[in-house]
file protein_23.txt (compact mmCIF, C-alpha atoms)
# COMPACT_ATOMS: atom_id res chain seq x y z
CA MET A 1 0.00 0.00 0.00
CA LEU A 2 2.85 2.34 0.88
CA ASP A 3 4.50 1.40 -2.39
CA ALA A 4 1.40 2.42 -4.33
CA PHE A 5 1.29 5.66 -2.39
CA ALA A 6 4.96 6.38 -3.18
CA ARG A 7 4.42 5.63 -6.88
CA TRP A 8 1.37 7.86 -7.00
CA LEU A 9 3.22 10.70 -5.27
CA ALA A 10 6.37 10.39 -7.37
CA PHE A 11 4.91 9.68 -10.79
CA ASP A 12 1.44 11.28 -10.72
CA VAL A 13 1.70 14.20 -8.32
CA LEU A 14 5.32 15.15 -9.05
CA SER A 15 4.96 13.78 -12.62
CA LEU A 16 8.44 12.25 -12.65
CA VAL A 17 9.19 9.59 -15.25
CA PRO A 18 9.16 5.98 -13.96
CA GLY A 19 12.55 4.36 -14.57
CA SER A 20 14.37 7.69 -14.78
CA HIS A 21 17.15 8.40 -12.26
CA LEU A 22 15.25 11.14 -10.49
CA GLY A 23 11.94 9.28 -10.64
CA GLU A 24 13.36 6.11 -9.06
CA ALA A 25 15.22 8.10 -6.41
CA ALA A 26 12.03 9.99 -5.50
CA ARG A 27 9.94 6.80 -5.35
CA PHE A 28 12.52 5.17 -3.09
CA PHE A 29 12.57 8.21 -0.80
CA LEU A 30 8.79 8.57 -0.61
CA TYR A 31 8.39 4.87 0.11
CA ASP A 32 11.09 4.58 2.76
CA VAL A 33 10.39 7.68 4.82
CA PRO A 34 6.83 6.87 5.97
CA LYS A 35 7.52 3.14 6.32
CA VAL A 36 10.61 3.58 8.46
CA MET A 37 9.09 6.40 10.50
CA LEU A 38 6.02 4.31 11.37
CA LEU A 39 8.15 1.41 12.55
CA LEU A 40 10.54 3.61 14.45
CA VAL A 41 7.73 5.36 16.31
CA SER A 42 6.05 2.08 17.28
CA VAL A 43 9.21 0.32 18.42
CA VAL A 44 10.51 3.34 20.35
CA PHE A 45 7.12 3.74 22.03
CA VAL A 46 7.09 0.12 23.18
CA MET A 47 10.65 0.48 24.44
CA GLY A 48 9.72 3.63 26.37
CA VAL A 49 7.01 1.64 28.15
CA VAL A 50 9.39 -1.28 28.80
CA HIS A 51 11.88 1.15 30.35
CA THR A 52 9.39 1.99 33.12
CA PHE A 53 9.78 -1.58 34.37
CA ILE A 54 13.58 -1.67 34.41
CA SER A 55 16.08 0.79 35.81
CA PRO A 56 19.86 0.57 35.89
CA GLU A 57 19.59 0.32 39.69
CA ARG A 58 17.35 -2.72 39.40
CA THR A 59 19.55 -4.29 36.73
CA ARG A 60 22.51 -3.88 39.06
CA VAL A 61 20.76 -5.78 41.82
CA TRP A 62 19.90 -8.61 39.40
CA LEU A 63 23.47 -8.89 38.16
CA ALA A 64 25.29 -8.62 41.48
CA GLY A 65 27.20 -11.77 42.34
CA LYS A 66 26.17 -13.61 39.17
CA PRO A 67 28.98 -15.85 37.92
CA LEU A 68 30.61 -15.47 34.52
CA GLY A 69 28.55 -17.21 31.91
CA LEU A 70 25.04 -16.85 33.29
CA GLY A 71 25.92 -13.30 34.32
CA ASN A 72 27.12 -12.43 30.82
CA VAL A 73 23.98 -13.78 29.17
CA MET A 74 21.78 -11.84 31.61
CA ALA A 75 23.87 -8.68 31.31
CA ALA A 76 23.76 -8.63 27.51
CA SER A 77 20.00 -9.25 27.44
CA LEU A 78 19.32 -6.63 30.11
CA GLY A 79 21.57 -4.26 28.16
CA VAL A 80 18.99 -4.28 25.37
CA VAL A 81 16.03 -3.30 27.55
CA THR A 82 17.59 -1.17 30.31
CA PRO A 83 17.37 2.58 29.70
CA PHE A 84 20.92 3.61 28.92
CA CYS A 85 22.60 6.70 27.62
CA SER A 86 26.28 6.65 26.77
CA CYS A 87 26.77 9.74 28.94
CA SER A 88 25.89 7.52 31.93
CA ALA A 89 28.39 4.84 30.91
CA VAL A 90 30.96 5.79 33.54
CA PRO A 91 28.72 6.04 36.63
CA LEU A 92 26.99 2.88 35.53
CA PHE A 93 30.27 1.05 35.06
CA ILE A 94 31.52 2.01 38.52
CA GLY A 95 28.13 1.39 40.10
CA PHE A 96 28.04 -2.14 38.69
CA LEU A 97 31.57 -3.00 39.82
CA SER A 98 31.04 -1.62 43.31
CA ALA A 99 27.91 -3.73 43.73
CA GLY A 100 29.92 -6.86 43.02
CA VAL A 101 29.05 -7.32 39.35
CA PRO A 102 32.16 -8.98 37.81
CA LEU A 103 34.17 -6.96 35.29
CA GLY A 104 33.43 -9.33 32.41
CA VAL A 105 29.70 -9.24 33.13
CA THR A 106 29.77 -5.43 33.29
CA PHE A 107 31.43 -5.36 29.88
CA SER A 108 28.77 -7.61 28.37
CA PHE A 109 26.23 -5.02 29.47
CA LEU A 110 28.28 -2.07 28.19
CA ILE A 111 28.78 -3.67 24.78
CA ALA A 112 25.20 -4.81 24.26
CA ALA A 113 23.49 -1.65 25.51
CA PRO A 114 24.58 0.70 22.72
CA MET A 115 24.97 -1.91 19.96
CA VAL A 116 21.63 -3.70 20.18
CA ASN A 117 19.42 -0.67 20.65
CA GLU A 118 15.81 -0.14 19.68
CA ILE A 119 16.63 2.36 16.95
CA ALA A 120 18.93 -0.07 15.15
CA LEU A 121 16.42 -2.92 15.51
CA ALA A 122 13.48 -0.82 14.32
CA LEU A 123 15.36 0.39 11.28
CA LEU A 124 16.69 -3.05 10.39
CA PHE A 125 13.15 -4.36 10.64
CA GLY A 126 11.82 -1.54 8.47
CA LEU A 127 14.54 -1.59 5.83
CA PHE A 128 15.62 -5.24 5.64
CA GLY A 129 12.80 -7.28 7.18
CA TRP A 130 12.39 -8.99 10.53
CA GLN A 131 14.76 -11.84 9.70
CA VAL A 132 17.72 -9.50 9.45
CA ALA A 133 16.63 -7.63 12.59
CA ALA A 134 16.39 -10.92 14.51
CA LEU A 135 19.77 -12.05 13.20
CA TYR A 136 21.31 -8.75 14.28
CA LEU A 137 19.79 -9.13 17.73
CA VAL A 138 21.12 -12.65 18.17
CA LEU A 139 24.58 -11.92 16.79
CA GLY A 140 24.88 -8.64 18.69
CA LEU A 141 24.05 -10.43 21.94
CA THR A 142 26.53 -13.18 21.07
CA VAL A 143 29.32 -10.66 20.48
CA ALA A 144 28.53 -8.94 23.80
CA ILE A 145 28.36 -12.22 25.75
CA VAL A 146 31.54 -13.72 24.29
CA ALA A 147 33.53 -10.47 24.47
CA GLY A 148 32.52 -10.06 28.13
CA LEU A 149 33.50 -13.67 28.87
CA VAL A 150 36.90 -13.20 27.25
CA ILE A 151 37.53 -9.95 29.14
CA GLY A 152 36.40 -11.63 32.36
CA LYS A 153 38.73 -14.61 31.85
CA LEU A 154 41.71 -12.35 31.21
CA GLY A 155 41.50 -10.98 34.77
CA LEU A 156 42.06 -7.33 33.91
CA GLU A 157 40.80 -5.77 37.13
CA LEU A 158 44.29 -4.33 37.67
CA HIS A 159 43.84 -2.14 34.63
CA LEU A 160 41.07 -0.07 36.08
CA GLU A 161 42.12 3.44 37.00
CA ASP A 162 43.16 3.62 40.65
CA TRP A 163 40.50 6.09 41.69
CA VAL A 164 37.84 3.73 40.43
CA ARG A 165 38.96 0.99 42.76
CA ALA A 166 39.20 3.41 45.66
CA ILE A 167 35.82 5.00 45.15
CA ARG A 168 33.04 4.58 47.63
CA VAL A 169 29.65 4.37 46.07
CA GLY A 170 26.65 5.32 48.15
CA ALA A 171 24.08 2.62 48.58
CA ALA A 172 21.52 2.73 45.80
CA THR A 173 18.92 5.03 47.23
CA GLU A 174 15.29 4.15 47.14
CA LEU A 175 13.65 7.21 45.68
CA GLY A 176 10.37 6.38 47.39
CA ASP A 177 8.42 7.09 44.22
CA SER A 178 5.14 5.29 44.10
CA PRO A 179 5.24 2.68 41.31
CA PRO A 180 4.09 4.14 37.99
CA THR A 181 0.53 3.50 36.89
CA TRP A 182 -0.30 2.37 33.35
CA PRO A 183 -1.17 5.90 32.19
CA ASP A 184 2.26 6.94 33.55
CA ARG A 185 3.93 4.15 31.60
CA LEU A 186 2.14 5.10 28.38
CA ARG A 187 3.12 8.73 28.90
CA ALA A 188 6.71 7.56 29.33
CA GLY A 189 6.40 5.79 25.98
CA VAL A 190 5.20 8.98 24.31
CA ALA A 191 7.99 10.97 25.97
CA HIS A 192 10.52 8.42 24.72
CA VAL A 193 9.18 8.77 21.17
CA LYS A 194 9.44 12.56 21.37
CA GLU A 195 12.98 12.38 22.68
CA ILE A 196 14.36 9.70 20.35
CA VAL A 197 12.45 10.38 17.17
CA GLY A 198 12.86 14.12 17.77
CA ARG A 199 16.60 13.59 17.83
CA VAL A 200 17.11 11.11 15.02
CA TRP A 201 14.64 12.21 12.36
CA PRO A 202 16.97 14.65 10.57
CA TRP A 203 19.60 11.90 10.36
CA LEU A 204 17.05 9.45 9.15
CA ILE A 205 15.74 11.77 6.42
CA ALA A 206 19.29 12.66 5.36
CA GLY A 207 20.26 8.97 5.32
CA ILE A 208 17.22 8.01 3.24
CA ALA A 209 17.88 10.91 0.86
CA ILE A 210 21.48 9.73 0.31
CA GLY A 211 20.19 6.18 -0.01
CA ALA A 212 17.63 7.35 -2.57
CA ALA A 213 20.31 9.12 -4.58
CA ILE A 214 22.46 5.98 -4.57
CA HIS A 215 19.43 3.93 -5.53
CA GLY A 216 18.61 6.15 -8.47
CA TYR A 217 22.03 7.16 -9.75
CA VAL A 218 24.72 4.62 -8.81
CA PRO A 219 25.04 1.87 -11.42
CA GLN A 220 24.04 -1.68 -10.56
CA ASP A 221 26.84 -3.84 -9.09
CA PHE A 222 29.00 -0.80 -8.53
CA MET A 223 29.55 -1.88 -4.92
CA ALA A 224 30.22 -5.53 -5.72
CA GLY A 225 33.89 -4.73 -6.38
CA ILE A 226 34.31 -2.79 -3.13
CA MET A 227 31.95 -4.28 -0.58
CA GLY A 228 31.10 -7.57 -2.25
CA LYS A 229 31.55 -11.07 -0.88
CA GLU A 230 34.57 -11.87 -2.98
CA GLN A 231 36.92 -9.55 -1.13
CA TRP A 232 38.02 -11.18 2.11
CA TRP A 233 39.43 -7.82 3.23
CA GLY A 234 36.04 -6.15 2.91
CA VAL A 235 34.98 -7.03 6.47
CA PRO A 236 38.10 -5.82 8.35
CA VAL A 237 38.22 -2.63 6.29
CA ALA A 238 34.55 -1.97 7.03
CA VAL A 239 35.16 -2.47 10.77
CA ALA A 240 38.23 -0.21 10.75
CA LEU A 241 36.33 2.50 8.88
CA GLY A 242 33.49 2.26 11.37
CA VAL A 243 35.50 3.04 14.51
CA PRO A 244 36.17 6.76 14.00
CA MET A 245 32.69 7.26 12.59
CA TYR A 246 30.08 8.19 15.08
CA SER A 247 26.72 8.34 13.54
CA ASN A 248 23.59 6.81 14.85
CA ALA A 249 21.97 3.91 13.13
CA ALA A 250 19.39 6.29 11.73
CA GLY A 251 21.81 7.91 9.31
CA ILE A 252 23.80 4.84 8.37
CA LEU A 253 21.19 2.17 7.75
CA PRO A 254 19.30 3.71 4.82
CA VAL A 255 22.64 4.22 3.06
CA ILE A 256 23.54 0.58 3.68
CA GLU A 257 20.20 -0.56 2.35
CA ALA A 258 20.87 1.29 -0.88
CA LEU A 259 24.43 -0.09 -1.12
CA LEU A 260 23.11 -3.64 -0.75
CA GLY A 261 21.00 -3.09 -3.81
CA LYS A 262 24.20 -2.28 -5.66
CA GLY A 263 25.98 -5.51 -4.83
CA ALA A 264 27.45 -4.91 -1.36
CA ALA A 265 27.48 -8.00 0.87
CA LEU A 266 25.17 -8.01 3.89
CA GLY A 267 27.84 -9.33 6.28
CA THR A 268 30.25 -6.58 5.34
CA ALA A 269 27.52 -3.98 5.69
CA LEU A 270 26.37 -5.27 9.09
CA ALA A 271 29.95 -5.44 10.38
CA PHE A 272 30.37 -1.82 9.34
CA MET A 273 27.22 -0.83 11.16
CA MET A 274 28.05 -2.72 14.36
CA SER A 275 31.47 -1.12 14.35
CA VAL A 276 30.06 2.37 13.90
CA ILE A 277 27.64 1.93 16.79
CA ALA A 278 29.55 -0.26 19.25
CA LEU A 279 33.10 0.99 18.83
CA SER A 280 32.96 4.74 18.74
CA LEU A 281 35.82 7.04 19.56
CA PRO A 282 33.74 9.34 21.80
CA GLU A 283 32.65 6.39 23.91
CA MET A 284 36.23 5.24 24.31
CA ILE A 285 37.22 8.71 25.44
CA ILE A 286 34.48 8.57 28.07
CA LEU A 287 35.60 5.10 29.17
CA ARG A 288 39.26 6.19 29.28
CA LYS A 289 38.36 7.99 32.53
CA VAL A 290 37.93 4.62 34.24
CA LEU A 291 40.02 2.23 32.18
CA LYS A 292 43.75 2.22 31.67
CA PRO A 293 44.88 2.16 28.02
CA THR A 294 45.62 -1.58 28.11
CA LEU A 295 42.05 -2.37 29.05
CA ILE A 296 40.67 0.01 26.42
CA ALA A 297 42.82 -1.73 23.81
CA VAL A 298 41.67 -5.18 24.94
CA PHE A 299 38.04 -4.02 24.90
CA ALA A 300 38.32 -2.57 21.39
CA GLY A 301 40.30 -5.57 20.12
CA VAL A 302 37.94 -8.19 21.50
CA VAL A 303 34.81 -6.42 20.26
CA ALA A 304 36.32 -5.73 16.82
CA THR A 305 37.28 -9.40 16.47
CA GLY A 306 33.77 -10.45 17.41
CA ILE A 307 32.22 -8.09 14.88
CA MET A 308 34.53 -9.31 12.13
CA LEU A 309 33.54 -12.90 12.83
CA VAL A 310 29.90 -11.87 12.52
CA GLY A 311 30.68 -10.25 9.16
CA PHE A 312 32.49 -13.33 7.85
CA VAL A 313 29.75 -15.67 9.06
CA PHE A 314 27.04 -13.58 7.42
CA ASN A 315 28.90 -13.40 4.13
CA ALA A 316 29.56 -17.14 4.17
CA VAL A 317 26.01 -18.18 5.05
CA LEU A 318 23.94 -15.81 2.95
CA MET B 1 15.88 28.87 50.23
CA LYS B 2 16.01 25.43 48.71
CA ASN B 3 19.29 24.00 47.56
CA VAL B 4 18.98 22.04 44.30
CA LYS B 5 21.86 20.04 42.90
CA VAL B 6 21.81 18.61 39.40
CA LEU B 7 24.16 15.63 39.19
CA GLY B 8 25.63 14.93 35.80
CA THR B 9 28.82 14.92 33.81
CA GLY B 10 27.69 17.60 31.41
CA CYS B 11 25.63 15.66 28.93
CA ARG B 12 22.76 17.35 27.17
CA ASN B 13 20.06 15.89 29.40
CA CYS B 14 21.85 17.28 32.47
CA GLU B 15 21.90 20.78 30.94
CA THR B 16 18.23 20.48 30.05
CA THR B 17 17.37 19.39 33.58
CA ALA B 18 19.24 22.31 35.17
CA LYS B 19 17.59 24.76 32.81
CA LEU B 20 14.15 23.31 33.45
CA VAL B 21 14.58 23.52 37.23
CA ALA B 22 15.71 27.16 37.01
CA GLU B 23 12.83 27.97 34.68
CA ILE B 24 10.16 26.41 36.87
CA ALA B 25 11.57 27.96 40.04
CA ALA B 26 11.47 31.37 38.38
CA ALA B 27 7.92 30.79 37.15
CA LYS B 28 6.76 29.80 40.63
CA GLY B 29 8.72 32.59 42.29
CA VAL B 30 10.62 30.13 44.48
CA ALA B 31 14.14 31.19 45.40
CA ILE B 32 16.59 28.34 44.88
CA GLU B 33 20.29 27.85 44.94
CA LEU B 34 21.09 25.77 41.85
CA GLU B 35 24.32 23.81 41.73
CA LYS B 36 25.69 21.56 39.04
CA VAL B 37 27.69 18.65 40.38
CA THR B 38 29.99 17.25 37.72
CA ASP B 39 32.54 15.41 39.86
CA MET B 40 32.11 11.71 39.28
CA ALA B 41 33.06 10.69 42.82
CA ALA B 42 30.53 13.13 44.26
CA ILE B 43 27.80 11.91 41.91
CA LEU B 44 28.47 8.29 42.82
CA GLY B 45 28.48 9.24 46.49
CA TYR B 46 24.74 9.81 46.15
CA GLY B 47 24.32 6.29 44.78
CA VAL B 48 23.32 7.58 41.35
CA MET B 49 24.17 5.42 38.36
CA SER B 50 22.11 7.03 35.68
CA THR B 51 22.47 10.74 35.17
CA PRO B 52 21.06 13.32 35.44
CA GLY B 53 20.21 13.01 39.11
CA VAL B 54 18.56 15.68 41.23
CA VAL B 55 19.24 16.35 44.92
CA VAL B 56 16.97 18.72 46.84
CA ASP B 57 18.23 19.90 50.24
CA GLY B 58 20.65 17.01 50.48
CA LYS B 59 18.13 14.32 49.55
CA LEU B 60 18.21 12.44 46.26
CA VAL B 61 14.82 12.80 44.57
CA HIS B 62 15.47 11.71 41.01
CA ALA B 63 17.86 9.69 38.84
CA GLY B 64 18.00 8.90 35.15
CA GLY B 65 16.61 11.10 32.40
CA VAL B 66 15.07 14.54 32.39
CA PRO B 67 12.39 14.75 35.11
CA ASP B 68 8.98 15.92 34.00
CA ARG B 69 7.59 19.33 34.93
CA LYS B 70 5.06 18.03 37.43
CA LYS B 71 7.77 16.27 39.39
CA ILE B 72 9.94 19.37 39.52
CA GLU B 73 7.02 21.51 40.66
CA GLY B 74 6.43 19.00 43.44
CA TRP B 75 10.00 19.37 44.74
CA LEU B 76 9.85 23.14 44.72
CA GLY B 77 6.33 23.44 46.06
call {"tool": "encode", "arguments": {"input": "protein_23.txt", "output": "structure tokens"}}
result
Amino acid sequence: MLDAFARWLAFDVLSLVPGSHLGEAARFFLYDVPKVMLLLVSVVFVMGVVHTFISPERTRVWLAGKPLGLGNVMAASLGVVTPFCSCSAVPLFIGFLSAGVPLGVTFSFLIAAPMVNEIALALLFGLFGWQVAALYLVLGLTVAIVAGLVIGKLGLELHLEDWVRAIRVGAATELGDSPPTWPDRLRAGVAHVKEIVGRVWPWLIAGIAIGAAIHGYVPQDFMAGIMGKEQWWGVPVAVALGVPMYSNAAGILPVIEALLGKGAALGTALAFMMSVIALSLPEMIILRKVLKPTLIAVFAGVVATGIMLVGFVFNAVL
Amino acid sequence: MKNVKVLGTGCRNCETTAKLVAEIAAAKGVAIELEKVTDMAAILGYGVMSTPGVVVDGKLVHAGGVPDRKKIEGWLG
């Protein structure tokens, strides 16, 4: 139905020629924008409601004293649904450690929380279908769980900054708020939509516009030589390129969707995206306050390796 | 005079919270002393893990995300 609407708008209202560069770009744009927006709003709303059930304080209590393994699985899964903003990464990190959450388990949470977020999942669902979104969810969790396990096994507690180990964290205070009612929870969902969609929509529109231009103007199979399956180096290069880039999923995904249509391999594209979101320079600068350089390097190395494996697996299977 | 501390490391939500508190206090004509606490050790001392947090007269009343207007009015009222 949306497709018919986009065709009507592009070819009848704007009277562009079907099959022409501009016409195809416009149809792509007019089809993607409402579809992706609808999905984004619904998923973000549901997540806003889910957030009223889970707080970082509660997550910390659940994770305290959990052994490696079970703890990592729980931490990665909770990372997806716990409200988290990368500006809170440091207090959260210290808060977890001081409550007796093991370092490796804390890392599973910190890796999963930004990487498998509702914006990425909603857009993957909207642009590539639920299968790809589900695959991303499973593989993202796997990377977070395994990377946390590896970091936990390496026994790197010594590489925390000294002040972190010395710090005294106040007991998690009960705020004494009465539990939210359902109208409160729904309002929280609406507020979440306003906040998230209000922030990402310009990126999303810009991303879809670039994607539309690629769709209309870039020749078929142009990307096959650069981001295709045949190049084994495609995945590591994509991951390396992703680290200094700090965009949200909203801007990147529509571009990737368009590149796939031009012969790029899905594994390479997903590895690029995971790297952009999970390994960002600004986040490492924030984490540098609590981690010594060795631990930062281990963290980046382990996560990058995990993401590359995901890329290779995807390219091999699909 | 109420003492209001906004706990946060300077992210955008923390700025928004501080501004909102100042705005509502001015609108209600309540005199407040507004402080921004950015020192991580101090923030953690209040047991806050998700910023921004809000402390009114030494008592933590909020943590995580920008508080809504009604809540702020309640603290100042």
call {"tool": "interface_residues", "arguments": {"input": "protein_23.txt", "of": "chain B", "to": "chain A", "cutoff": "6 Å", "atoms": "all atoms listed in the file", "output": "compact mmCIF listing (two decimals) with C-alpha atoms, in the coordinates of the input"}}
result
# COMPACT_ATOMS: atom_id res chain seq x y z
CA LEU B 44 28.47 8.29 42.82
CA GLY B 45 28.48 9.24 46.49
CA TYR B 46 24.74 9.81 46.15
CA GLY B 47 24.32 6.29 44.78
CA MET B 49 24.17 5.42 38.36
CA SER B 50 22.11 7.03 35.68
CA THR B 51 22.47 10.74 35.17
CA VAL B 61 14.82 12.80 44.57
call {"tool": "atom_distance", "arguments": {"input": "protein_23.txt", "atom1": "CA of Leu127 in chain A", "atom2": "CA of Pro18 in chain A"}}
result
21.9 Å
call {"tool": "residues_around", "arguments": {"input": "protein_23.txt", "residues": "Gly8 in chain B", "least_positions_apart": "3", "cutoff": "6 Å", "atoms": "all atoms listed in the file", "output": "PDB file with C-alpha atoms, keeping the file's coordinate frame"}}
result
ATOM      1  CA  CYS B  14      21.850  17.280  32.470  1.00  0.00           C
ATOM      2  CA  THR B  38      29.990  17.250  37.720  1.00  0.00           C
ATOM      3  CA  THR B  51      22.470  10.740  35.170  1.00  0.00           C
ATOM      4  CA  PRO B  52      21.060  13.320  35.440  1.00  0.00           C
TER       5      PRO B  52
END
call {"tool": "atom_distance", "arguments": {"input": "protein_23.txt", "atom1": "CA of Ile210 in chain A", "atom2": "CA of Ala134 in chain A"}}
result
25.6 Å
call {"tool": "closest_residue", "arguments": {"input": "protein_23.txt", "among": "A:Arg165, A:Arg27, A:His159, A:Arg7", "to": "Ala41 in chain B", "atoms": "all atoms listed in the file"}}
result
A:Arg165
call {"tool": "residues_near_point", "arguments": {"input": "protein_23.txt", "point": "(27.9, -14.6, 31.9)", "cutoff": "8 Å", "atoms": "all atoms listed in the file", "output": "VMD selection string"}}
result
chain A and resid 66 to 75 104 to 105 108 145 148 to 149
call {"tool": "closest_residue", "arguments": {"input": "protein_23.txt", "among": "A:Met308, A:Leu270, A:Leu186, A:Ala278", "to": "Val132 in chain A", "atoms": "all atoms listed in the file"}}
result
A:Leu270
call {"tool": "closest_residue", "arguments": {"input": "protein_23.txt", "among": "A:Ser77, A:Asp221, A:Ala122, A:Ile151", "to": "Leu139 in chain A", "atoms": "only C-alpha atoms"}}
result
A:Ser77
call {"tool": "closest_residue", "arguments": {"input": "protein_23.txt", "among": "B:Lys36, B:Val56, B:Val48, B:Arg69", "to": "Val4 in chain B", "atoms": "only C-alpha atoms"}}
result
B:Val56
call {"tool": "residues_around", "arguments": {"input": "protein_23.txt", "residues": "Phe45 in chain A", "least_positions_apart": "5", "cutoff": "8 Å", "atoms": "all atoms listed in the file", "output": "list in words"}}
result
Gly189, Val190, His192 and Val193 of chain A
call {"tool": "write_last_selection", "arguments": {"input": "protein_23.txt", "atoms": "C-alpha atoms", "output": "PDB file, in the frame of the given file"}}
result
ATOM      1  CA  GLY A 189       6.400   5.790  25.980  1.00  0.00           C
ATOM      2  CA  VAL A 190       5.200   8.980  24.310  1.00  0.00           C
ATOM      3  CA  HIS A 192      10.520   8.420  24.720  1.00  0.00           C
ATOM      4  CA  VAL A 193       9.180   8.770  21.170  1.00  0.00           C
TER       5      VAL A 193
END
call {"tool": "residues_around", "arguments": {"input": "protein_23.txt", "residues": "Leu7 in chain B", "least_positions_apart": "4", "cutoff": "6 Å", "atoms": "all atoms listed in the file", "output": "ChimeraX atom specification"}}
result
/B:37,43,52-54
call {"tool": "write_last_selection", "arguments": {"input": "protein_23.txt", "atoms": "C-alpha atoms", "output": "CSV table (one decimal), keeping the file's coordinate frame"}}
result
chain,number,residue,atom,x,y,z
B,37,VAL,CA,27.7,18.6,40.4
B,43,ILE,CA,27.8,11.9,41.9
B,52,PRO,CA,21.1,13.3,35.4
B,53,GLY,CA,20.2,13.0,39.1
B,54,VAL,CA,18.6,15.7,41.2
call {"tool": "atom_distance", "arguments": {"input": "protein_23.txt", "atom1": "CA of Arg185 in chain A", "atom2": "CA of Val49 in chain A"}}
result
5.3 Å
call {"tool": "residues_near_point", "arguments": {"input": "protein_23.txt", "point": "(30.9, -3.8, 1.9)", "cutoff": "7 Å", "atoms": "all atoms listed in the file", "output": "PyMOL selection string"}}
result
chain A and resi 226-228+234-235+238+264-265+268-269
call {"tool": "closest_residue", "arguments": {"input": "protein_23.txt", "among": "B:Leu60, B:Gly65, B:Met1, B:Cys11", "to": "Leu34 in chain B", "atoms": "all atoms listed in the file"}}
result
B:Met1
call {"tool": "residues_around", "arguments": {"input": "protein_23.txt", "residues": "Ala206 in chain A", "least_positions_apart": "2", "cutoff": "10 Å", "atoms": "only C-alpha atoms", "output": "ChimeraX atom specification"}}
result
/A:201-204,208-212,250-252,254-255
call {"tool": "residues_around", "arguments": {"input": "protein_23.txt", "residues": "Asn3 in chain B", "least_positions_apart": "3", "cutoff": "10 Å", "atoms": "all atoms listed in the file", "output": "list in words"}}
result
Ala31, Ile32, Glu33, Leu34, Glu35, Val55, Val56, Asp57, Gly58, Lys59 and Leu76 of chain B
call {"tool": "closest_residue", "arguments": {"input": "protein_23.txt", "among": "B:Met40, B:Ala26, B:Val6, B:Val21", "to": "Ala63 in chain B", "atoms": "only C-alpha atoms"}}
result
B:Val6
